[in-house]
Amino acid sequence: MAFFKVVPSAVEPGVEMMVAKRAVAAEVSPHYQLTKHLNVGLYYLTAYGFDPGLSKTLHFLSLRSTISNIGLTNGVSLQASPQVYYLRMDDKGGFYVTSTFGLAKKGFPVSLQAIVNQRIKTQIVSKPTLWNVSLVYWFDKKFKSEK
């Protein structure tokens, strides 16, 4: 399901409500651990949207990899997850490249993550580059209070 804000004129004019849009999706994600630090795989997602405002057909095919636990210094490690993908939404498609990077210190619950997405060639209206930086807090797997 996807959720969108709309202003329903029949219910309460001027009031925004969340409305669910229906879709069905399927995915396949084979991946292989080549070494202790290198994982490669494919990811395929297809979806069909039932309601107006959604793509009727969506295809997403990605070649992805993960390079993990790259030791830098004093317990600090880097993880990189580059991928190249093809996205098709109805009659428009395009090729993109993206990568997620993570920087973490062993025993420290906060890590830094960044994602960069760059279009290569596309018919889909989008910005040339999208990026985001996040601070991530890792819980210590204790979700109940101890006395």
# chains A, B, ... in the order shown; residues from 1 in each chain; ligands from 1

$ residues_around --residues "Leu87 (chain A)" --least-positions-apart "6" --cutoff "8 Å" --atoms "only C-alpha atoms" --output "PyMOL selection string"
chain A and resi 58-61+93-96

$ residues_around --residues "Gly107 (chain A)" --least-positions-apart "2" --cutoff "12 Å" --atoms "only C-alpha atoms" --output "list of chain:residue names"
A:Asn74, A:Gly75, A:Val76, A:Ser77, A:Ala104, A:Lys105, A:Pro109, A:Val110, A:Ser111, A:Tyr137, A:Trp138, A:Phe139, A:Asp140

$ write_last_selection --atoms "N, CA and C atoms" --output "mmCIF file, in the first residue's frame"
data_model
loop_
_atom_site.group_PDB
_atom_site.id
_atom_site.type_symbol
_atom_site.label_atom_id
_atom_site.label_comp_id
_atom_site.auth_asym_id
_atom_site.auth_seq_id
_atom_site.Cartn_x
_atom_site.Cartn_y
_atom_site.Cartn_z
ATOM 1 N N ASN A 74 41.501 2.327 14.620
ATOM 2 C CA ASN A 74 40.970 2.318 15.993
ATOM 3 C C ASN A 74 39.526 1.824 16.100
ATOM 4 N N GLY A 75 39.204 0.697 15.464
ATOM 5 C CA GLY A 75 37.871 0.140 15.566
ATOM 6 C C GLY A 75 36.836 0.795 14.672
ATOM 7 N N VAL A 76 37.246 1.736 13.839
ATOM 8 C CA VAL A 76 36.326 2.394 12.906
ATOM 9 C C VAL A 76 36.319 1.595 11.602
ATOM 10 N N SER A 77 35.097 1.302 11.106
ATOM 11 C CA SER A 77 34.993 0.536 9.869
ATOM 12 C C SER A 77 34.035 1.222 8.891
ATOM 13 N N ALA A 104 31.174 3.344 11.079
ATOM 14 C CA ALA A 104 30.813 2.950 12.438
ATOM 15 C C ALA A 104 32.060 2.674 13.265
ATOM 16 N N LYS A 105 31.922 2.854 14.588
ATOM 17 C CA LYS A 105 32.995 2.533 15.528
ATOM 18 C C LYS A 105 32.512 1.386 16.401
ATOM 19 N N PRO A 109 27.226 3.136 19.860
ATOM 20 C CA PRO A 109 25.887 2.874 19.316
ATOM 21 C C PRO A 109 25.438 3.800 18.181
ATOM 22 N N VAL A 110 26.222 4.793 17.826
ATOM 23 C CA VAL A 110 25.821 5.731 16.778
ATOM 24 C C VAL A 110 26.746 5.552 15.577
ATOM 25 N N SER A 111 26.145 5.493 14.394
ATOM 26 C CA SER A 111 26.939 5.419 13.168
ATOM 27 C C SER A 111 26.439 6.487 12.193
ATOM 28 N N TYR A 137 21.126 5.185 15.339
ATOM 29 C CA TYR A 137 21.350 4.694 16.699
ATOM 30 C C TYR A 137 21.014 3.214 16.744
ATOM 31 N N TRP A 138 21.954 2.399 17.211
ATOM 32 C CA TRP A 138 21.768 0.953 17.326
ATOM 33 C C TRP A 138 21.377 0.618 18.753
ATOM 34 N N PHE A 139 20.198 0.001 18.927
ATOM 35 C CA PHE A 139 19.771 -0.436 20.248
ATOM 36 C C PHE A 139 20.631 -1.625 20.680
ATOM 37 N N ASP A 140 20.740 -1.821 21.975
ATOM 38 C CA ASP A 140 21.574 -2.887 22.516
ATOM 39 C C ASP A 140 20.805 -4.195 22.683
#

$ closest_residue --among "A:Pro30, A:Met89, A:Tyr43, A:Ile67" --to "Gln123 (chain A)" --atoms "only C-alpha atoms"
A:Met89

$ atom_distance --atom1 "CA of Ala20 (chain A)" --atom2 "CA of Val116 (chain A)"
29.0 Å

$ closest_residue --among "A:Leu103, A:Leu112, A:Leu63, A:Ala47" --to "Ala23 (chain A)" --atoms "only C-alpha atoms"
A:Ala47

$ closest_residue --among "A:Val125, A:Leu130, A:Met18, A:Ile120" --to "Thr100 (chain A)" --atoms "only C-alpha atoms"
A:Leu130

$ residues_around --residues "Ala80 (chain A)" --least-positions-apart "2" --cutoff "7 Å" --atoms "only C-alpha atoms" --output "PDB file with C-alpha atoms, in the first residue's frame"
ATOM      1  CA  THR A  66      28.071  -4.938  -0.347  1.00  0.00           C
ATOM      2  CA  ILE A  67      31.640  -4.470   0.816  1.00  0.00           C
ATOM      3  CA  SER A  68      31.545  -4.664   4.609  1.00  0.00           C
ATOM      4  CA  LEU A  78      33.434   1.453   6.549  1.00  0.00           C
ATOM      5  CA  PRO A  82      27.095   0.228  -4.640  1.00  0.00           C
ATOM      6  CA  SER A  99      25.602   3.754  -3.275  1.00  0.00           C
ATOM      7  CA  THR A 100      25.130   3.665   0.458  1.00  0.00           C
ATOM      8  CA  PHE A 101      28.094   4.265   2.761  1.00  0.00           C
ATOM      9  CA  GLY A 102      28.279   3.601   6.474  1.00  0.00           C
TER      10      GLY A 102
END

$ residues_around --residues "Tyr32 (chain A)" --least-positions-apart "2" --cutoff "10 Å" --atoms "only C-alpha atoms" --output "PyMOL selection string"
chain A and resi 30+34-35+38-42+65

$ write_last_selection --atoms "N, CA and C atoms" --output "short mmCIF file (atom, residue, chain, number, x, y, z; two decimals), in the first residue's frame"
data_model
loop_
_atom_site.label_atom_id
_atom_site.label_comp_id
_atom_site.auth_asym_id
_atom_site.auth_seq_id
_atom_site.Cartn_x
_atom_site.Cartn_y
_atom_site.Cartn_z
N PRO A 30 18.19 -12.95 -5.10
CA PRO A 30 19.30 -13.88 -4.84
C PRO A 30 20.60 -13.11 -4.62
N LEU A 34 30.67 -13.92 -1.51
CA LEU A 34 31.88 -14.36 -2.20
C LEU A 34 33.06 -14.49 -1.24
N THR A 35 33.19 -13.52 -0.34
CA THR A 35 34.24 -13.57 0.68
C THR A 35 33.62 -13.07 1.98
N LEU A 38 32.64 -9.48 1.04
CA LEU A 38 32.05 -9.13 -0.25
C LEU A 38 30.83 -9.99 -0.55
N ASN A 39 29.71 -9.31 -0.82
CA ASN A 39 28.45 -9.94 -1.14
C ASN A 39 27.95 -9.32 -2.45
N VAL A 40 27.50 -10.14 -3.40
CA VAL A 40 26.95 -9.62 -4.66
C VAL A 40 25.60 -10.28 -4.92
N GLY A 41 24.75 -9.59 -5.68
CA GLY A 41 23.46 -10.18 -5.98
C GLY A 41 22.63 -9.35 -6.93
N LEU A 42 21.47 -9.91 -7.22
CA LEU A 42 20.48 -9.25 -8.05
C LEU A 42 19.26 -8.98 -7.19
N SER A 65 25.96 -4.90 -4.69
CA SER A 65 27.02 -5.55 -3.92
C SER A 65 27.16 -4.84 -2.58
#

$ closest_residue --among "A:Arg64, A:Lys92, A:Lys21, A:His31" --to "Ile124 (chain A)" --atoms "only C-alpha atoms"
A:Lys92

$ select_by_dssp --residues "region 13-105 of chain A" --states "strand (DSSP E or B)" --output "MDAnalysis selection string"
chainID A and resid 17:21 23:28 31:33 38:49 57:73 76:89 92:105

$ closest_residue --among "A:Ile115, A:Val19, A:Lys121, A:Ile70" --to "Leu135 (chain A)" --atoms "only C-alpha atoms"
A:Ile115

$ atom_distance --atom1 "CA of His37 (chain A)" --atom2 "CA of Leu72 (chain A)"
13.9 Å
